[in-house]
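In what follows, a structure is listed as structure tokens, so that the remarks can point back to it.
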Amino acid sequence: MIPQPSEFSIAIWKRFTRHRGAIIGMVIISLIILLCIFAFLSPFNPEKSSLAEKLLPPSSAHLLGTDALGRDLLTRILYGGRISLTVGGIAVAISLLIGVPIGALAGYYGGKVDSILMRITDAFLSLPSFLVLILLAAILREVELPIFQRNSVLTISLVIGALSWMTFARLVRAAFLTLREMDYVSASRALGASDRRIMLGHILPNGIGVVIVEATLQLGYAIIQEAGLSFLNFGIQQPTPSWGNLIYAAQSHFTKYPWLAIFPGIAIFLTIVSVNYIGDGLRDAFDPYKVMEKVGEWT
Amino acid sequence: MFTRTRTLLFLAFMVILSLAIVSCGPRSQSAGTEQSITPDSTSSITIVIPEDPPSFNPMVADTGYDSLVMELVLLGMADIDPYGNVFPELAAELPTIENGGVIVDDDAGTMSVTWTMREGIQWSDGTPVTADDALFTWEAITDPVNGSWIPGIDYVDSIEKLSQYSFVVNYNTLYPNYLTQLGGEQIAIWPAHYCDLEQGFIAWDCGREPLSDGPFVLHDWLKGDHMTFHKNEKYYLAPKPNIDQVIVRIVPDDAVRKTMMLKGDADIDMWINTTVAKDLEGSDVVKVSMSPTDRWLMRMFFNLAQKGTVDSSATPHPILSDVNVRKAIRSAIDIDTINSEIYFGLATPVWSEFFRPPYQCNVPRPTYDLEAAKALLESSGWIDSDDDGVRECRGCSTGAPEGYKMEMEFITYPEFGEPLILTQQLIAEMLSDIGIKANISVVEGSILWDQAENGGIEQSGNFDMDIWDDGYPGIDPTDYIWEMYSQEALVPGFGNNVMRYNNPEVDALIDEAYTLDEASRKETFCAIAERLDEDIPMIYLFTTPNAEAYSARIEGVQSSVNDMVTWNIADWTLK
């Protein structure tokens with residue numbers, strides 16, 4: 001007997017909570033997200049200069065010091081976190097929107113559809129992603145469409161997302177290849193369910209675990225790519241802070257004012273490690289053998 | 001698992017990127033090439049520059065690094081020292097009216113200039129440098145297919161050889177910049193027997209593997225890494241140069257170049273910015289040479305035509321076509337604060353195109369006055385009626401629709417370094433204080449200044465405002481003024497009037513400046529300065545010092561805005 005959804009979710013959650021790293025990661029990332037959300041409570045404007053206070057070291061007035069224009073670094077890191085996390089989230093959403101349908105169609109129909117879609121996926125995988133990212137970012141930032149203003153969050157997210165969907169496509173395809181042969185799928189087909197209903201209603205929910213795990217990992221990957229692009233000056237433009245452009249701006253001051261690079265670096269570090277551990281915990285939690293073993297219903 | 005590993009690898013990459021790369025020292029950059037370019041004697045110096053020179057011909061790309069190496073190996077007819085004095089190189093003497101070298105036909109308004117070359121100067125293969133080389137160079141420049149453009153090219157009717165060592169240039173007008181037309185920081189005389197005319201002036205191989213008549217000879221060039229030059233034993237001022245070997249190393253990062261200088265791994269760092277200059281203050285091993293006059297004037301360019309168009313009359317800019325808006329922007333920028341806070345007081349506020357000798361005009365300095373700026377905008381129909389901090393058109397005179405927001409893109413280029421990036425941000429903030437939203441954008445200079453057909457932002461009119469530094473080479477601003485402000489130069493590809501500024505009165509004054517009458521020229525330039533001050537097609541902000549860092553062991557280094565720092569390298573000595 002297959003466990004009920006509520007039991008299934010509870011089992012996943014319990015399994016997840018046993019992963020100490022994942023829990024710590026969850027706490028840290030939650031804290032970071034909360035701090036970023038409530039960044040507006042900071043008494044400092046992240047974009048307003050205060051030249052009398054430029055390049056101050058960490059102190060009680062400015063916990064993480066100030067930058068070359070006297071702006072509070074903690075405030076800028078928190079506002080920068082909004083940008084970086086938003087870029088990560090949108091990029092993953094774009095990846096999912098492209099990768100999941102491609103993987104689902106390829107895995108469900110197989111044959112020529114599979115071959116064509118997977119060759120397209122292979123072609124994208126063969127691209128040197130970061131170099132193409134830089135190229136695309138350089139091209140798109142000259143685009144004058146209203147929603148793609150130069151170096152906008154959406155542009156950067158689109159560029160990253162458009163080059164990160166392939167893993168989703170492969171994972172979903174693999175899940176569909178396995179699940180389409182299951183009895184409940186055959187039963188649905190026999191009852192006259194449409195392909196769309198079978199894919200969306202029966203197969204996808206059962207293969208969603210791997211997608212969620214991958215999404216967490218891709219989130220971290222996207223944040224790093226945004227940081228990399230901004231570091232190379234192809235990403236979010238000043239004075240809007242992002243973790244990447246904060247490090248970029250710190251370059252020429254590193255020897256004298258190292259905190260300008262260290263604190264944004266730590267923010268990136270903590271976020272990525274947390275997200276990776278959460279992904280690790282989710283992978284363990286979604287492992288069907290471990291879940292069934294725990295629930296005790298595996299036959 | 002693979003993805004996680006990859007993510008972790010990226011994580012490691014970013015951490016290293018953030019904490020290590022920004023602080024990496026010169027050793028990491030030099031390790032791979034240490035053996036191949038280690039100076040082989042004590043009489044060797046190392047110059048560090050951020051990128052390879054495109055060639056030895058500055059007319060190809062004019063990056064400055066091409067001029068730097070051109071000065072090592074090639075001579076022009078004449079050059080200019082840091083104080084604006086023209087001195088002969090290949091020429092035996094400078095042609096003037098007084099010595100009969102310049103003959104003016106007042107009736108026809110034309111002139112002819114006779115150049116007499118030094119005898120005995122040789123190319124490094126032993127071939128004499130003669131008038132044939134000068135004529136060959138001119139032929140290559142003016143080649144209709146493979147040629148190039150140089151200032152004043154249209155004013156030359158013909159060049160004729162008079163003897164093996166003399167030739168005459170016939171002008172169809174009075175051309176005041178004749179002394180450096182075949183010299184200065186950009187033009188050299190090329191060897192007729194060595195360069196292939198069919199390859200063209202821009203593309204020929206000798207532009208990358210030149211024969212030398214200068215103080216040094218190119219020995220090897222490993223692209224992206226280094227160039228080595230050896231003393232030219234046939235240099236006409238032998239036993240100069242006093243240094244046996246010059247190594248030019250490519251070190252992209254300015255922090256690394258600075259560290260190399262401080263550690264004694266480099267001797268010259270060209271064009272340092274004020275942050276680096278400030279950091280080097282008080283060093284015993286590194287000195288900073290500043291040019292006696294400034295050239296690089298930081299300017300804020302306004303696009304007077306609608307973004308994406310190039311005709312300011314047919315399609316005026318919805319905001320910037322109103323001179324009162326431009327005046328308000330000028331009043332809102334606190335140049336003194338920018339200077340003291342970002343440039344450590346090393347910049348010099350400037351408010352006229354004609355700010356350096358020999359042409360200095362007494363234009364009153366605009367005042368920084370936020371309230372006056374706001375009042376100007378209010379009276380011009382730009383009002384923040386919805387109280388969101390950004391003004392809208394409410395009866396403005398530019399043709400913008402009612403409610404049109406005062407929001408514009410504001411571009412600069414990253415190569416200048418952090419001071420300009422911070423300047424851009426501060427100015428955007430100052431504009432915000434008067435209700436103008438300036439969206440900051442940083443675009444590489446190669447894209448910003450490229451030709452319109454290649455997507456060049458300025459030339460194609462695809463900008464609202466931008467800020468960068470520029471200034472005329474040498475001591476004669478006439479051609480520069482024409483390129484920057486004349487109506488003819490607003491056509492994409494035919495000049496640098498990217499503001500699409502159009503004032504017939506200024507056009508007429510520019511025409512008047514083409515004379516050899518110095519008193520008249522000064523008067524004309526100051527009249528132009530007054531018109532520009534009234535029309536404000538751009539805002540002049542400040543000049544930054546033209547500075548080079550040099551090792552304390554070298555004597556004779558003198559930075560120059562009229563040429564690259566290597567202009568007198570033959571005179572340098574090592575302590």
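Here, A, B, ... name the chains of the structure tokens in the order displayed, residue numbers run from 1 inside each chain, and ligands are numbered from 1 in the same displayed order.
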I need the contact residues of chain A against chain B, so if you could list those with any atom within 6 Å, counting only C-alpha atoms, and return them as a PDB file with N, CA and C atoms, in the first residue's frame, that would help.
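Writing done, so here's result-v2.pdb:
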ATOM      1  N   TYR A 221      23.678  27.930  -7.460  1.00  0.00           N
ATOM      2  CA  TYR A 221      24.470  28.086  -8.670  1.00  0.00           C
ATOM      3  C   TYR A 221      24.164  29.434  -9.347  1.00  0.00           C
ATOM      4  N   GLN A 251      37.439  45.720  -5.113  1.00  0.00           N
ATOM      5  CA  GLN A 251      38.740  45.311  -5.668  1.00  0.00           C
ATOM      6  C   GLN A 251      39.885  46.243  -5.322  1.00  0.00           C
ATOM      7  N   GLY A 265      31.517  38.507   0.607  1.00  0.00           N
ATOM      8  CA  GLY A 265      31.984  37.144   0.340  1.00  0.00           C
ATOM      9  C   GLY A 265      31.399  36.157   1.331  1.00  0.00           C
TER      10      GLY A 265
END
Open item on the list: Which residues are near stretch 63-70 of chain B? Cut-off 8 Å, only C-alpha atoms, ignore same chain within fewer than 3 positions. Put them as a count of residues only.
Closed with: 20
**Message:** Report, in Å with one decimal, the straight-line distance from atom CA of B:Ala452 to atom CA of B:Ser313.
**Reply:**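 Between atom CA of B:Ala452 and atom CA of B:Ser313 the gap is 19.4 Å.
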Which of stretch 436-502 of chain B end up as strand (DSSP E) when DSSP is run on this backbone - answer as a PyMOL selection string?
chain B and resi 437-442+465-470
Could you dump the residues just selected with all heavy atoms as a compact mmCIF listing (two decimals), in the first residue's frame?
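Saved to selection_16.txt:
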# COMPACT_ATOMS: atom_id res chain seq x y z
N LYS B 437 16.02 61.64 -12.27
CA LYS B 437 16.46 60.29 -12.00
C LYS B 437 17.45 59.87 -13.08
O LYS B 437 17.11 59.81 -14.27
CB LYS B 437 15.28 59.32 -11.98
CG LYS B 437 15.66 57.92 -11.56
CD LYS B 437 14.46 57.02 -11.43
CE LYS B 437 14.94 55.62 -10.98
NZ LYS B 437 13.85 54.64 -11.12
N ALA B 438 18.68 59.62 -12.67
CA ALA B 438 19.72 59.19 -13.61
C ALA B 438 20.01 57.72 -13.36
O ALA B 438 20.49 57.34 -12.31
CB ALA B 438 20.98 60.03 -13.40
N ASN B 439 19.67 56.90 -14.34
CA ASN B 439 19.93 55.46 -14.23
C ASN B 439 21.35 55.18 -14.70
O ASN B 439 21.68 55.39 -15.86
CB ASN B 439 18.92 54.67 -15.06
CG ASN B 439 17.51 54.86 -14.56
OD1 ASN B 439 17.27 54.83 -13.35
ND2 ASN B 439 16.58 55.08 -15.47
N ILE B 440 22.13 54.68 -13.78
CA ILE B 440 23.56 54.51 -14.05
C ILE B 440 23.81 53.27 -14.90
O ILE B 440 23.18 52.24 -14.73
CB ILE B 440 24.30 54.40 -12.70
CG1 ILE B 440 24.52 55.80 -12.14
CG2 ILE B 440 25.60 53.65 -12.83
CD1 ILE B 440 25.16 55.79 -10.79
N SER B 441 24.75 53.43 -15.81
CA SER B 441 25.15 52.29 -16.63
C SER B 441 26.65 52.43 -16.91
O SER B 441 27.15 53.53 -17.12
CB SER B 441 24.35 52.33 -17.94
OG SER B 441 24.70 51.27 -18.76
N VAL B 442 27.34 51.30 -16.89
CA VAL B 442 28.78 51.31 -17.16
C VAL B 442 29.02 50.44 -18.39
O VAL B 442 28.67 49.26 -18.40
CB VAL B 442 29.59 50.77 -15.97
CG1 VAL B 442 31.08 50.79 -16.27
CG2 VAL B 442 29.30 51.59 -14.72
N MET B 465 22.83 60.81 -21.38
CA MET B 465 23.97 61.56 -20.85
C MET B 465 25.10 60.57 -20.63
O MET B 465 24.85 59.41 -20.29
CB MET B 465 23.64 62.19 -19.49
CG MET B 465 22.42 63.06 -19.46
SD MET B 465 22.13 63.74 -17.80
CE MET B 465 21.60 62.29 -16.90
N ASP B 466 26.30 61.01 -20.81
CA ASP B 466 27.42 60.16 -20.40
C ASP B 466 28.57 61.04 -19.91
O ASP B 466 28.55 62.27 -20.08
CB ASP B 466 27.86 59.18 -21.49
CG ASP B 466 28.37 59.85 -22.75
OD1 ASP B 466 28.57 61.07 -22.73
OD2 ASP B 466 28.58 59.16 -23.75
N ILE B 467 29.51 60.41 -19.28
CA ILE B 467 30.62 61.16 -18.68
C ILE B 467 31.92 60.42 -18.97
O ILE B 467 32.02 59.22 -18.76
CB ILE B 467 30.41 61.37 -17.16
CG1 ILE B 467 31.59 62.12 -16.55
CG2 ILE B 467 30.20 60.06 -16.44
CD1 ILE B 467 31.35 62.53 -15.09
N TRP B 468 32.86 61.14 -19.51
CA TRP B 468 34.20 60.61 -19.73
C TRP B 468 35.16 61.76 -19.97
O TRP B 468 34.75 62.91 -20.06
CB TRP B 468 34.24 59.57 -20.85
CG TRP B 468 33.63 59.94 -22.17
CD1 TRP B 468 32.30 59.92 -22.49
CD2 TRP B 468 34.31 60.38 -23.35
NE1 TRP B 468 32.12 60.31 -23.80
CE2 TRP B 468 33.32 60.59 -24.35
CE3 TRP B 468 35.65 60.62 -23.66
CZ2 TRP B 468 33.65 61.04 -25.63
CZ3 TRP B 468 35.97 61.04 -24.95
CH2 TRP B 468 34.97 61.24 -25.91
N ASP B 469 36.40 61.44 -20.06
CA ASP B 469 37.43 62.48 -20.15
C ASP B 469 38.01 62.54 -21.55
O ASP B 469 38.22 61.51 -22.19
CB ASP B 469 38.54 62.19 -19.13
CG ASP B 469 39.06 60.77 -19.25
OD1 ASP B 469 38.23 59.85 -19.42
OD2 ASP B 469 40.28 60.56 -19.18
N ASP B 470 38.26 63.73 -21.99
CA ASP B 470 38.82 63.89 -23.32
C ASP B 470 39.56 65.22 -23.37
O ASP B 470 39.37 66.09 -22.50
CB ASP B 470 37.70 63.85 -24.36
CG ASP B 470 38.23 63.61 -25.77
OD1 ASP B 470 39.39 63.17 -25.90
OD2 ASP B 470 37.49 63.86 -26.74
With distances taken over only C-alpha atoms, the candidate from A:Ile28, A:Leu131, A:Ala137, A:Met166 nearest A:Phe234 is A:Ala137
_When you look at B:Val251 with a cut-off of 10 Å (counting only C-alpha atoms), what residues show up, excluding the ones that are within fewer than 5 positions of it in the same chain? I need them as a ChimeraX atom specification._
/B:26,29-30,47-52,224-226,256-257,260,269
Kindly save the residues from that selection, with N, CA, C and O atoms included, as a compact mmCIF listing (two decimals), in the first residue's frame.
# COMPACT_ATOMS: atom_id res chain seq x y z
N PRO B 26 51.86 40.48 -7.57
CA PRO B 26 52.46 40.38 -8.87
C PRO B 26 53.14 39.04 -9.13
O PRO B 26 53.32 38.65 -10.25
N GLN B 29 51.32 36.70 -11.32
CA GLN B 29 51.26 37.09 -12.72
C GLN B 29 52.60 36.89 -13.41
O GLN B 29 52.65 36.63 -14.58
N SER B 30 53.62 37.00 -12.68
CA SER B 30 54.92 36.98 -13.33
C SER B 30 55.55 35.60 -13.37
O SER B 30 56.46 35.36 -14.13
N ILE B 47 58.29 48.53 -18.14
CA ILE B 47 57.10 49.38 -18.18
C ILE B 47 55.90 48.45 -18.11
O ILE B 47 55.84 47.46 -18.82
N VAL B 48 54.95 48.76 -17.23
CA VAL B 48 53.75 47.92 -17.16
C VAL B 48 52.55 48.69 -17.71
O VAL B 48 52.34 49.86 -17.37
N ILE B 49 51.81 48.03 -18.58
CA ILE B 49 50.59 48.61 -19.16
C ILE B 49 49.49 47.55 -19.10
O ILE B 49 49.78 46.36 -19.05
N PRO B 50 48.23 47.97 -19.11
CA PRO B 50 47.14 47.00 -18.90
C PRO B 50 46.80 46.13 -20.09
O PRO B 50 46.19 45.08 -19.92
N GLU B 51 47.15 46.54 -21.29
CA GLU B 51 46.76 45.74 -22.45
C GLU B 51 47.81 45.87 -23.53
O GLU B 51 48.59 46.82 -23.56
N ASP B 52 47.81 44.90 -24.46
CA ASP B 52 48.73 44.97 -25.58
C ASP B 52 48.44 46.19 -26.44
O ASP B 52 47.28 46.53 -26.67
N GLY B 224 50.02 39.56 -25.15
CA GLY B 224 49.36 39.35 -23.87
C GLY B 224 50.33 39.18 -22.73
O GLY B 224 49.92 39.02 -21.57
N ASP B 225 51.61 39.20 -23.03
CA ASP B 225 52.60 38.95 -21.97
C ASP B 225 53.64 40.07 -21.91
O ASP B 225 53.70 40.80 -20.93
N HIS B 226 54.44 40.19 -22.92
CA HIS B 226 55.47 41.22 -22.86
C HIS B 226 56.03 41.55 -24.24
O HIS B 226 55.83 40.80 -25.20
N VAL B 256 47.64 45.30 -9.19
CA VAL B 256 48.85 44.47 -9.36
C VAL B 256 50.00 45.33 -9.88
O VAL B 256 51.13 45.23 -9.42
N ARG B 257 49.67 46.23 -10.80
CA ARG B 257 50.73 47.10 -11.33
C ARG B 257 51.30 47.96 -10.21
O ARG B 257 52.52 48.16 -10.12
N MET B 260 53.52 45.88 -8.10
CA MET B 260 54.79 45.62 -8.81
C MET B 260 55.73 46.82 -8.69
O MET B 260 56.93 46.67 -8.50
N ASP B 269 54.63 52.86 -14.53
CA ASP B 269 53.22 52.52 -14.65
C ASP B 269 52.54 53.72 -15.27
O ASP B 269 52.46 54.79 -14.67
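Residue neighbourhood of A:Lys256, excluding near-sequence residues (fewer than 3 positions): Leu55, Ser252, His253, Trp259 and Leu260 of chain A; Asp279 of chain B, at 10 Å, using only C-alpha atoms.
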Could those residues be written to a file, using all heavy atoms, as a compact mmCIF listing (two decimals), in the first residue's frame?
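Result file part.txt:
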# COMPACT_ATOMS: atom_id res chain seq x y z
N LEU A 55 34.64 54.75 3.92
CA LEU A 55 35.67 53.76 4.24
C LEU A 55 35.94 53.62 5.74
O LEU A 55 37.09 53.45 6.16
CB LEU A 55 36.96 54.08 3.47
CG LEU A 55 36.83 54.02 1.94
CD1 LEU A 55 38.05 54.59 1.26
CD2 LEU A 55 36.60 52.59 1.47
N SER A 252 39.67 47.52 -5.64
CA SER A 252 40.80 48.44 -5.52
C SER A 252 41.10 48.83 -4.08
O SER A 252 42.05 49.54 -3.81
CB SER A 252 40.55 49.70 -6.36
OG SER A 252 39.27 50.20 -6.07
N HIS A 253 40.26 48.37 -3.14
CA HIS A 253 40.48 48.73 -1.74
C HIS A 253 40.88 47.55 -0.88
O HIS A 253 40.94 47.69 0.34
CB HIS A 253 39.20 49.35 -1.16
CG HIS A 253 38.78 50.62 -1.83
ND1 HIS A 253 39.47 51.79 -1.70
CD2 HIS A 253 37.76 50.89 -2.66
CE1 HIS A 253 38.89 52.74 -2.41
NE2 HIS A 253 37.86 52.21 -3.02
N TRP A 259 37.39 44.54 4.61
CA TRP A 259 36.02 44.17 4.95
C TRP A 259 35.05 44.40 3.80
O TRP A 259 34.01 43.77 3.72
CB TRP A 259 35.56 44.94 6.19
CG TRP A 259 35.55 46.43 6.03
CD1 TRP A 259 34.56 47.19 5.51
CD2 TRP A 259 36.60 47.34 6.39
NE1 TRP A 259 34.92 48.51 5.51
CE2 TRP A 259 36.17 48.64 6.06
CE3 TRP A 259 37.86 47.17 6.98
CZ2 TRP A 259 36.94 49.77 6.28
CZ3 TRP A 259 38.63 48.30 7.19
CH2 TRP A 259 38.18 49.57 6.84
N LEU A 260 35.41 45.29 2.91
CA LEU A 260 34.52 45.58 1.79
C LEU A 260 34.31 44.35 0.91
O LEU A 260 33.25 44.18 0.29
CB LEU A 260 35.09 46.72 0.93
CG LEU A 260 35.12 48.11 1.58
CD1 LEU A 260 35.85 49.10 0.70
CD2 LEU A 260 33.72 48.59 1.87
N ASP B 279 47.91 56.63 -3.12
CA ASP B 279 48.50 55.49 -2.41
C ASP B 279 50.03 55.50 -2.46
O ASP B 279 50.70 54.98 -1.58
CB ASP B 279 47.98 54.17 -2.99
CG ASP B 279 46.53 53.91 -2.60
OD1 ASP B 279 46.03 54.62 -1.72
OD2 ASP B 279 45.89 53.03 -3.21
*asked:* I want to know what sits within 9 Å of A:Trp165, based on only C-alpha atoms, with residues of the same chain fewer than 3 positions away left out; could you give that as number ranges by chain?
replied: A: 92, 94-100, 121, 161-162, 168-170
- Nearest to B:Pro151: which of B:Asp133, B:Asp479, B:Asp533, B:Glu488 is it, counting only C-alpha atoms?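 Looking at the shortest contact to B:Pro151, the residue is B:Asp479.
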Neighbours of B:Met59 within 9 Å (only C-alpha atoms; same-chain residues fewer than 5 positions away dropped), as a PyMOL selection string?
chain B and resi 66+148-150+186-187+201-202
Exercise for the section: Quote the spacing between atom CA of B:Leu218 and atom CA of B:Asp244 in Å to one decimal place. Expected result: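 Separation between atom CA of B:Leu218 and atom CA of B:Asp244: 12.2 Å.
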Next on the checklist: If we count only C-alpha atoms and set the cut-off at 12 Å, which residues sit around B:Asn503, ignoring sequence neighbours fewer than 4 positions away in its own chain? Please answer as a ChimeraX atom specification.
Outcome noted: /B:312-313,485-490,497,499,507-510,528,531-532,534-537
task = Would you mind telling me which residue in B:Trp138, B:Phe301, B:Phe167, B:Tyr194 lies nearest to B:Met538 when using only C-alpha atoms?
result =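 Counting only C-alpha atoms, the residue closest to B:Met538 is B:Phe301.
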Residues flagged helix (DSSP H, G or I) by DSSP in stretch 219-414 of chain B, as a PyMOL selection string: chain B and resi 254-263+274-279+323-332+335-342+370-379+414
Counting only C-alpha atoms, the residue among A:Ala52, A:Ala93, A:Ala174, A:Leu217 that lies closest to A:Val273 is A:Leu217
Distance criterion (only C-alpha atoms): nearest to A:Ile247 out of A:Ala261, A:Leu78, A:Cys36, A:Ile116
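Of the candidates, the smallest distance to A:Ile247 is held by A:Ala261.
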